[in-house]
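Student: I have a structure here, written as structure tokens, and I will follow up with some questions on it.
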Amino acid sequence: MPKVKTKSSAKKRFKLSATGKIRRKHAFKSHILTKKSTKRKRNLTKWGVVHETDEGRVKAMLRI
């Protein structure tokens with residue numbers, strides 16, 4: 001039986017924290033940045049945590 005491969009797109013988008021939570025990047029940080037406030041752009045730079053309802057799907061993609 002061959003090994004089950006991780007989805008390469010999920011591998012690029014998600015990381016595991018030290019406590020085992022799945023971290024993600026925020027959207028809306030790539031373009032049209034002039035109209036967004038500095039505070040909003042700064043907060044979009046930080047990592048977020050995947051919601052518990054989506055956690056199962058992400059774990060399935062990462063094969064955790």
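By order of appearance in the structure tokens: chains A, B, ..., then residues from 1 within every chain, and ligands from 1 in the order shown.
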When DSSP is applied to the backbone of this structure, which of chain A are assigned helix (DSSP H, G or I)? Write them out as a PyMOL selection string.

Tutor: chain A and resi 8-13+38-45+52-62

Student: Got a sec: who's within 10 Å of stretch 39-53 of chain A, counting only C-alpha atoms, leaving out chain neighbours fewer than 4 positions off, as a list in words?

Tutor: Phe14, Lys15, Leu16, Ser17, Lys21, Ile22, Arg23, Arg24, Lys25, His26, Ala27, Phe28, Lys29, Ser30, Leu33, Thr34, Arg57 and Val58 of chain A

Student: Quick one: everything within 12 Å of A:Lys5, counting only C-alpha atoms, minus sequence neighbours fewer than 3 positions away in the same chain. Send it as a ChimeraX atom specification.

Tutor: /A:2,8-11,60-64
